[in-house]
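*Asks:* data19.pdb is reproduced in full below (PDB, C-alpha atoms and all ligand atoms).
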ATOM      1  CA  SER T   8       8.815-154.694 115.177
ATOM      2  CA  ASP T   9      11.747-156.321 113.404
ATOM      3  CA  PRO T  10      11.126-158.142 110.079
ATOM      4  CA  ASP T  11       9.791-161.695 110.228
ATOM      5  CA  PRO T  12      12.349-164.515 110.188
ATOM      6  CA  LEU T  13      12.698-166.538 106.984
ATOM      7  CA  GLN T  14      14.033-169.635 108.733
ATOM      8  CA  ASP T  15      13.759-171.386 112.119
ATOM      9  CA  VAL T  16      17.037-170.128 113.464
ATOM     10  CA  CYS T  17      19.736-167.769 112.273
ATOM     11  CA  VAL T  18      22.248-167.747 115.094
ATOM     12  CA  ALA T  19      24.472-164.705 114.738
ATOM     13  CA  ASP T  20      27.952-165.421 113.415
ATOM     14  CA  TYR T  21      29.925-162.568 114.951
ATOM     15  CA  ASN T  22      33.000-163.539 112.916
ATOM     16  CA  SER T  23      31.369-163.380 109.511
ATOM     17  CA  SER T  24      32.520-160.644 107.187
ATOM     18  CA  VAL T  25      29.125-160.718 105.468
ATOM     19  CA  THR T  26      27.194-157.546 106.237
ATOM     20  CA  VAL T  27      23.430-157.908 106.182
ATOM     21  CA  ASN T  28      20.509-156.304 107.993
ATOM     22  CA  GLY T  29      21.336-157.973 111.314
ATOM     23  CA  TYR T  30      24.025-160.640 111.562
ATOM     24  CA  ALA T  31      24.884-163.397 109.108
ATOM     25  CA  CYS T  32      23.814-166.863 110.318
ATOM     26  CA  LYS T  33      26.099-169.576 111.577
ATOM     27  CA  SER T  34      25.984-172.569 109.223
ATOM     28  CA  ASN T  35      23.170-174.978 109.986
ATOM     29  CA  TYR T  36      23.785-177.237 112.980
ATOM     30  CA  THR T  37      27.020-175.503 114.000
ATOM     31  CA  TYR T  38      25.213-173.558 116.695
ATOM     32  CA  ALA T  39      25.123-174.622 120.333
ATOM     33  CA  PRO T  40      22.392-174.591 122.986
ATOM     34  CA  GLU T  41      24.382-171.848 124.741
ATOM     35  CA  ASP T  42      23.736-169.555 121.762
ATOM     36  CA  PHE T  43      20.081-169.484 122.862
ATOM     37  CA  ALA T  44      20.865-168.683 126.494
ATOM     38  CA  SER T  45      22.507-165.807 128.322
ATOM     39  CA  MET T  46      23.466-164.764 131.845
ATOM     40  CA  ALA T  47      24.032-161.186 130.629
ATOM     41  CA  ILE T  48      21.327-159.748 132.882
ATOM     42  CA  ALA T  49      21.739-162.114 135.825
ATOM     43  CA  GLU T  50      23.563-159.296 137.636
ATOM     44  CA  PRO T  51      23.204-155.508 137.407
ATOM     45  CA  GLY T  52      25.091-153.728 134.616
ATOM     46  CA  GLU T  53      27.843-151.130 134.954
ATOM     47  CA  PRO T  54      27.045-148.032 137.038
ATOM     48  CA  ASN T  55      26.573-144.697 135.277
ATOM     49  CA  ILE T  56      26.651-141.091 136.518
ATOM     50  CA  PHE T  57      22.842-141.003 136.758
ATOM     51  CA  GLY T  58      22.636-143.525 139.588
ATOM     52  CA  THR T  59      21.521-146.453 137.455
ATOM     53  CA  LYS T  60      22.984-149.667 136.101
ATOM     54  CA  VAL T  61      21.722-150.882 132.735
ATOM     55  CA  GLY T  62      22.366-154.414 131.498
ATOM     56  CA  VAL T  63      21.224-155.857 128.180
ATOM     57  CA  ALA T  64      20.677-159.268 126.601
ATOM     58  CA  ASN T  65      20.280-158.485 122.918
ATOM     59  CA  VAL T  66      21.588-159.784 119.605
ATOM     60  CA  ASN T  67      24.932-158.113 120.219
ATOM     61  CA  ASN T  68      25.724-160.419 123.151
ATOM     62  CA  MET T  69      23.228-163.290 122.682
ATOM     63  CA  PRO T  70      23.632-164.752 119.182
ATOM     64  CA  GLY T  71      20.477-166.909 119.217
ATOM     65  CA  LEU T  72      18.318-163.759 119.174
ATOM     66  CA  ASN T  73      19.336-162.920 115.610
ATOM     67  CA  THR T  74      16.213-162.515 113.380
ATOM     68  CA  LEU T  75      13.832-163.213 116.309
ATOM     69  CA  GLY T  76      12.727-159.634 116.969
ATOM     70  CA  MET T  77      12.991-159.455 120.728
ATOM     71  CA  SER T  78      15.426-158.749 123.564
ATOM     72  CA  TRP T  79      15.707-157.984 127.285
ATOM     73  CA  ALA T  80      17.349-155.464 129.559
ATOM     74  CA  ARG T  81      17.352-154.739 133.272
ATOM     75  CA  VAL T  82      17.813-151.446 135.041
ATOM     76  CA  ASP T  83      18.821-151.166 138.689
ATOM     77  CA  PHE T  84      18.303-147.796 140.337
ATOM     78  CA  GLU T  85      19.986-146.287 143.366
ATOM     79  CA  ARG T  86      17.926-143.907 145.468
ATOM     80  CA  ASP T  87      17.071-140.953 143.200
ATOM     81  CA  GLY T  88      18.559-142.881 140.274
ATOM     82  CA  LEU T  89      17.466-141.826 136.802
ATOM     83  CA  ASN T  90      17.500-143.802 133.582
ATOM     84  CA  PRO T  91      17.827-140.578 131.609
ATOM     85  CA  PRO T  92      15.599-139.666 128.664
ATOM     86  CA  HIS T  93      16.388-141.682 125.544
ATOM     87  CA  SER T  94      14.652-143.371 122.649
ATOM     88  CA  HIS T  95      14.855-146.749 120.918
ATOM     89  CA  PRO T  96      14.456-146.160 117.190
ATOM     90  CA  ARG T  97      13.588-149.800 116.485
ATOM     91  CA  ALA T  98      11.534-150.945 119.463
ATOM     92  CA  THR T  99       8.530-150.594 121.671
ATOM     93  CA  GLU T 100       9.605-151.205 125.263
ATOM     94  CA  ILE T 101       7.599-152.794 128.060
ATOM     95  CA  ILE T 102       8.836-152.823 131.651
ATOM     96  CA  PHE T 103       7.955-154.794 134.770
ATOM     97  CA  VAL T 104       8.793-153.341 138.191
ATOM     98  CA  LEU T 105      10.652-155.968 140.221
ATOM     99  CA  LYS T 106      11.280-153.663 143.161
ATOM    100  CA  GLY T 107      10.527-150.120 144.270
ATOM    101  CA  GLN T 108       8.548-147.196 142.919
ATOM    102  CA  LEU T 109       9.359-145.139 139.877
ATOM    103  CA  ILE T 110       8.018-142.396 137.695
ATOM    104  CA  ALA T 111       7.813-143.726 134.150
ATOM    105  CA  GLY T 112       7.245-141.178 131.423
ATOM    106  CA  PHE T 113       7.309-140.691 127.671
ATOM    107  CA  ILE T 114       6.742-137.774 125.304
ATOM    108  CA  THR T 115       4.633-138.054 122.170
ATOM    109  CA  THR T 116       5.532-136.337 118.916
ATOM    110  CA  ASP T 117       2.812-133.796 119.778
ATOM    111  CA  ASN T 118       4.839-132.993 122.908
ATOM    112  CA  VAL T 119       2.303-134.535 125.239
ATOM    113  CA  PHE T 120       4.046-135.824 128.363
ATOM    114  CA  VAL T 121       2.553-139.092 129.620
ATOM    115  CA  ASP T 122       3.789-140.170 133.042
ATOM    116  CA  LYS T 123       2.745-142.401 135.894
ATOM    117  CA  LEU T 124       3.955-143.534 139.288
ATOM    118  CA  ILE T 125       4.537-147.260 138.923
ATOM    119  CA  ARG T 126       5.289-149.735 141.689
ATOM    120  CA  LYS T 127       6.379-153.307 142.287
ATOM    121  CA  GLY T 128       4.424-155.685 140.065
ATOM    122  CA  GLU T 129       3.286-153.005 137.632
ATOM    123  CA  VAL T 130       3.835-153.064 133.866
ATOM    124  CA  PHE T 131       4.271-149.930 131.735
ATOM    125  CA  VAL T 132       4.781-149.564 127.988
ATOM    126  CA  PHE T 133       6.784-146.983 126.044
ATOM    127  CA  PRO T 134       5.620-146.787 122.424
ATOM    128  CA  ARG T 135       8.222-147.320 119.758
ATOM    129  CA  ALA T 136      10.836-144.603 119.273
ATOM    130  CA  LEU T 137       9.337-142.131 121.743
ATOM    131  CA  ILE T 138      11.627-140.384 124.250
ATOM    132  CA  HIS T 139      11.167-141.888 127.720
ATOM    133  CA  PHE T 140      12.755-142.237 131.148
ATOM    134  CA  GLN T 141      12.350-143.897 134.537
ATOM    135  CA  PHE T 142      13.137-142.131 137.807
ATOM    136  CA  ASN T 143      13.383-143.825 141.183
ATOM    137  CA  VAL T 144      11.128-141.918 143.577
ATOM    138  CA  GLY T 145      10.926-144.643 146.236
ATOM    139  CA  LYS T 146      12.737-144.736 149.566
ATOM    140  CA  GLY T 147      15.164-147.473 148.529
ATOM    141  CA  ASN T 148      16.647-149.092 145.447
ATOM    142  CA  ALA T 149      14.456-150.041 142.508
ATOM    143  CA  SER T 150      14.784-152.595 139.702
ATOM    144  CA  ILE T 151      12.943-153.159 136.459
ATOM    145  CA  LEU T 152      12.924-155.882 133.852
ATOM    146  CA  VAL T 153      12.725-154.505 130.315
ATOM    147  CA  ALA T 154      11.520-156.228 127.130
ATOM    148  CA  PHE T 155      11.809-154.964 123.547
ATOM    149  CA  ASP T 156      10.210-156.054 120.291
ATOM    150  CA  SER T 157      13.553-155.831 118.526
ATOM    151  CA  GLN T 158      16.732-157.897 118.655
ATOM    152  CA  ASN T 159      18.638-154.594 118.542
ATOM    153  CA  PRO T 160      16.491-151.688 119.813
ATOM    154  CA  GLY T 161      19.263-149.076 119.629
ATOM    155  CA  VAL T 162      19.548-146.308 122.204
ATOM    156  CA  GLN T 163      19.593-142.617 121.403
ATOM    157  CA  PRO T 164      20.067-140.608 124.615
ATOM    158  CA  VAL T 165      18.791-137.048 124.690
ATOM    159  CA  VAL T 166      22.260-136.023 125.878
ATOM    160  CA  SER T 167      23.569-137.141 122.468
ATOM    161  CA  MET T 168      23.417-133.447 121.640
ATOM    162  CA  PHE T 169      26.233-132.917 124.135
ATOM    163  CA  ILE T 170      28.204-136.157 123.999
ATOM    164  CA  ALA T 171      28.266-136.997 120.265
ATOM    165  CA  ILE T 172      31.789-137.400 118.846
ATOM    166  CA  PRO T 173      32.910-135.552 116.797
ATOM    167  CA  LYS T 174      31.333-132.705 118.742
ATOM    168  CA  ILE T 175      28.261-130.942 117.411
ATOM    169  CA  PRO T 176      29.400-127.300 117.176
ATOM    170  CA  ASP T 177      28.889-125.552 120.554
ATOM    171  CA  VAL T 178      27.009-122.776 118.819
ATOM    172  CA  VAL T 179      24.496-125.232 117.354
ATOM    173  CA  VAL T 180      23.840-126.830 120.731
ATOM    174  CA  ALA T 181      23.668-123.395 122.385
ATOM    175  CA  LYS T 182      21.143-122.155 119.850
ATOM    176  CA  THR T 183      19.072-125.331 120.128
ATOM    177  CA  TYR T 184      18.612-124.808 123.850
ATOM    178  CA  GLN T 185      18.542-120.994 123.626
ATOM    179  CA  THR T 186      21.593-120.660 125.849
ATOM    180  CA  ASN T 187      25.235-119.750 125.392
ATOM    181  CA  VAL T 188      28.425-121.620 124.579
ATOM    182  CA  THR T 189      29.768-121.353 128.148
ATOM    183  CA  VAL T 190      26.747-123.242 129.477
ATOM    184  CA  VAL T 191      27.081-125.866 126.749
ATOM    185  CA  GLN T 192      30.744-126.417 127.606
ATOM    186  CA  GLU T 193      29.902-126.704 131.301
ATOM    187  CA  ILE T 194      27.230-129.326 130.569
ATOM    188  CA  ARG T 195      29.678-131.259 128.367
ATOM    189  CA  ARG T 196      32.221-131.174 131.208
ATOM    190  CA  ARG T 197      29.690-132.461 133.733
ATOM    191  CA  LEU T 198      28.725-135.274 131.376
ATOM    192  CA  GLY T 199      32.377-136.293 131.231
ATOM    193  CA  VAL T 200      33.036-135.297 127.620
ATOM    194  CA  PRO T 201      36.785-134.760 127.029
ATOM    195  CA  ALA T 202      37.537-131.082 126.271
TER     196      ALA T 202
HETATM  197  C1  LIG Q 301      14.961-148.631 129.719
HETATM  198  O1  LIG Q 301      14.315-147.664 129.372
HETATM  199  C2  LIG Q 301      15.951-149.213 128.882
HETATM  200  O2  LIG Q 301      15.932-148.863 127.705
HETATM  201  O3  LIG Q 301      16.776-150.010 129.367
HETATM  202 MN    MN Q 302      14.307-147.448 127.168
END
Take the structure in this file and express it as structure tokens.
Ligand code: GLV
Ligand code: MN
*Replies:*
Amino acid sequence: SDPDPLQDVCVADYNSSVTVNGYACKSNYTYAPEDFASMAIAEPGEPNIFGTKVGVANVNNMPGLNTLGMSWARVDFERDGLNPPHSHPRATEIIFVLKGQLIAGFITTDNVFVDKLIRKGEVFVFPRALIHFQFNVGKGNASILVAFDSQNPGVQPVVSMFIAIPKIPDVVVAKTYQTNVTVVQEIRRRLGVPA
């Protein structure tokens, strides 16, 4: 859902000091074939505390994607691994199950929860900006390929409420979830937020 390109290619110039909506383009014909290729998701990404590894190939590590309105990711799940609830403010996401069985779910702005058991070979779509997750419910590992209709989908995890820096006041988070400050601090600690 990114804007349409106004030229054939606009390979991101990461060194430019020009700030635009996206990246400034490298000068014509100074780009290389490698700018349009990436091995960024050839292997799983870095492990997180939720039992998943997320890797991305987007405009921030693949310059040829600039202005083209699409990108990839992959998620590799351990047993019981969760890609925790999050939203992409700029993209619809479509996934393809490479391996395993997962619950895929999203929540509409009417608070309707839409979820389905998906398995190897299945495709599932998460409408733009809606909170969603995937949870490995199979007996082994699982892997998905992820496509976005944005060069830079952005990720807003639901746990942002707890992990944002500077910290959202404990009392605000406590009131939001109708709990107390002690619980909020305990959740922050478990999420690895420095005290
Ligand atoms: C999956 O939901 C992802 O955003 O990588
Ligand atoms: Mn997602």
*Asks:* Give the residues close to ligand LIG 301 (chain Q), within 9 Å, counting only C-alpha atoms and all ligand atoms; write them as a short mmCIF file (atom, residue, chain, number, x, y, z; two decimals) with C-alpha atoms, keeping the file's coordinate frame.
*Replies:*
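Generated output (out-v6.cif):
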data_model
loop_
_atom_site.label_atom_id
_atom_site.label_comp_id
_atom_site.auth_asym_id
_atom_site.auth_seq_id
_atom_site.Cartn_x
_atom_site.Cartn_y
_atom_site.Cartn_z
CA VAL T 61 21.72 -150.88 132.74
CA GLY T 62 22.37 -154.41 131.50
CA VAL T 63 21.22 -155.86 128.18
CA TRP T 79 15.71 -157.98 127.28
CA ALA T 80 17.35 -155.46 129.56
CA ARG T 81 17.35 -154.74 133.27
CA VAL T 82 17.81 -151.45 135.04
CA ASN T 90 17.50 -143.80 133.58
CA PRO T 91 17.83 -140.58 131.61
CA PRO T 92 15.60 -139.67 128.66
CA HIS T 93 16.39 -141.68 125.54
CA SER T 94 14.65 -143.37 122.65
CA HIS T 95 14.86 -146.75 120.92
CA GLU T 100 9.60 -151.21 125.26
CA ILE T 101 7.60 -152.79 128.06
CA ILE T 102 8.84 -152.82 131.65
CA ALA T 111 7.81 -143.73 134.15
CA PHE T 133 6.78 -146.98 126.04
CA HIS T 139 11.17 -141.89 127.72
CA PHE T 140 12.76 -142.24 131.15
CA GLN T 141 12.35 -143.90 134.54
CA ILE T 151 12.94 -153.16 136.46
CA LEU T 152 12.92 -155.88 133.85
CA VAL T 153 12.72 -154.50 130.32
CA ALA T 154 11.52 -156.23 127.13
CA PHE T 155 11.81 -154.96 123.55
CA PRO T 160 16.49 -151.69 119.81
CA GLY T 161 19.26 -149.08 119.63
CA VAL T 162 19.55 -146.31 122.20
#
*Asks:* Please provide the set of residues having any atom within 10 Å of Asn67 (chain T), restricted to only C-alpha atoms, with same-chain residues fewer than 2 positions apart removed, written as a list in words.
*Replies:*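 Once the nearby chain positions are removed, what remains is Ala19, Tyr21, Gly29, Tyr30, Val63, Ala64, Asn65, Met69, Pro70, Gly71, Leu72, Asn73, Gln158 and Asn159 of chain T.
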*Asks:* Would you translate the PyMOL selection byres (((chain T and resi 109) around 9) and not hetatm) into the concrete set of residues it matches in this file, as a list of chain:residue names?
*Replies:* T:Val104, T:Gly107, T:Gln108, T:Ile110, T:Ala111, T:Lys123, T:Leu124, T:Ile125, T:Arg126, T:Gln141, T:Phe142, T:Asn143, T:Val144, T:Gly145, T:Ala149
*Asks:* Take the residues from that selection and put them in a file with C-alpha atoms, as an mmCIF file, in the frame of the given file.
*Replies:*
data_model
loop_
_atom_site.group_PDB
_atom_site.id
_atom_site.type_symbol
_atom_site.label_atom_id
_atom_site.label_comp_id
_atom_site.auth_asym_id
_atom_site.auth_seq_id
_atom_site.Cartn_x
_atom_site.Cartn_y
_atom_site.Cartn_z
ATOM 1 C CA VAL T 104 8.793 -153.341 138.191
ATOM 2 C CA GLY T 107 10.527 -150.120 144.270
ATOM 3 C CA GLN T 108 8.548 -147.196 142.919
ATOM 4 C CA ILE T 110 8.018 -142.396 137.695
ATOM 5 C CA ALA T 111 7.813 -143.726 134.150
ATOM 6 C CA LYS T 123 2.745 -142.401 135.894
ATOM 7 C CA LEU T 124 3.955 -143.534 139.288
ATOM 8 C CA ILE T 125 4.537 -147.260 138.923
ATOM 9 C CA ARG T 126 5.289 -149.735 141.689
ATOM 10 C CA GLN T 141 12.350 -143.897 134.537
ATOM 11 C CA PHE T 142 13.137 -142.131 137.807
ATOM 12 C CA ASN T 143 13.383 -143.825 141.183
ATOM 13 C CA VAL T 144 11.128 -141.918 143.577
ATOM 14 C CA GLY T 145 10.926 -144.643 146.236
ATOM 15 C CA ALA T 149 14.456 -150.041 142.508
#
*Asks:* For a quick check of understanding, using all atoms listed in the file, which of T:Ile114, T:Ala136, T:Leu75, T:Ala49 has the smallest distance to ligand MN 302 (chain Q)?
*Replies:*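 Result for the nearest residue to ligand MN 302 (chain Q): T:Ala136.
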*Asks:* Expanded to explicit residues, what is the PyMOL selection byres (((chain T and resi 200) around 10) and not hetatm) for this file, as an MDAnalysis selection string?
*Replies:* chainID T and resid 169:172 174 192:199 201:202
*Asks:* I need the residue nearest Thr99 (chain T) from this list: T:Ser23, T:Val165, T:Ser8, T:Ala39. Use all atoms listed in the file for the distance.
*Replies:*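 Nearest to Thr99 (chain T): T:Ser8.
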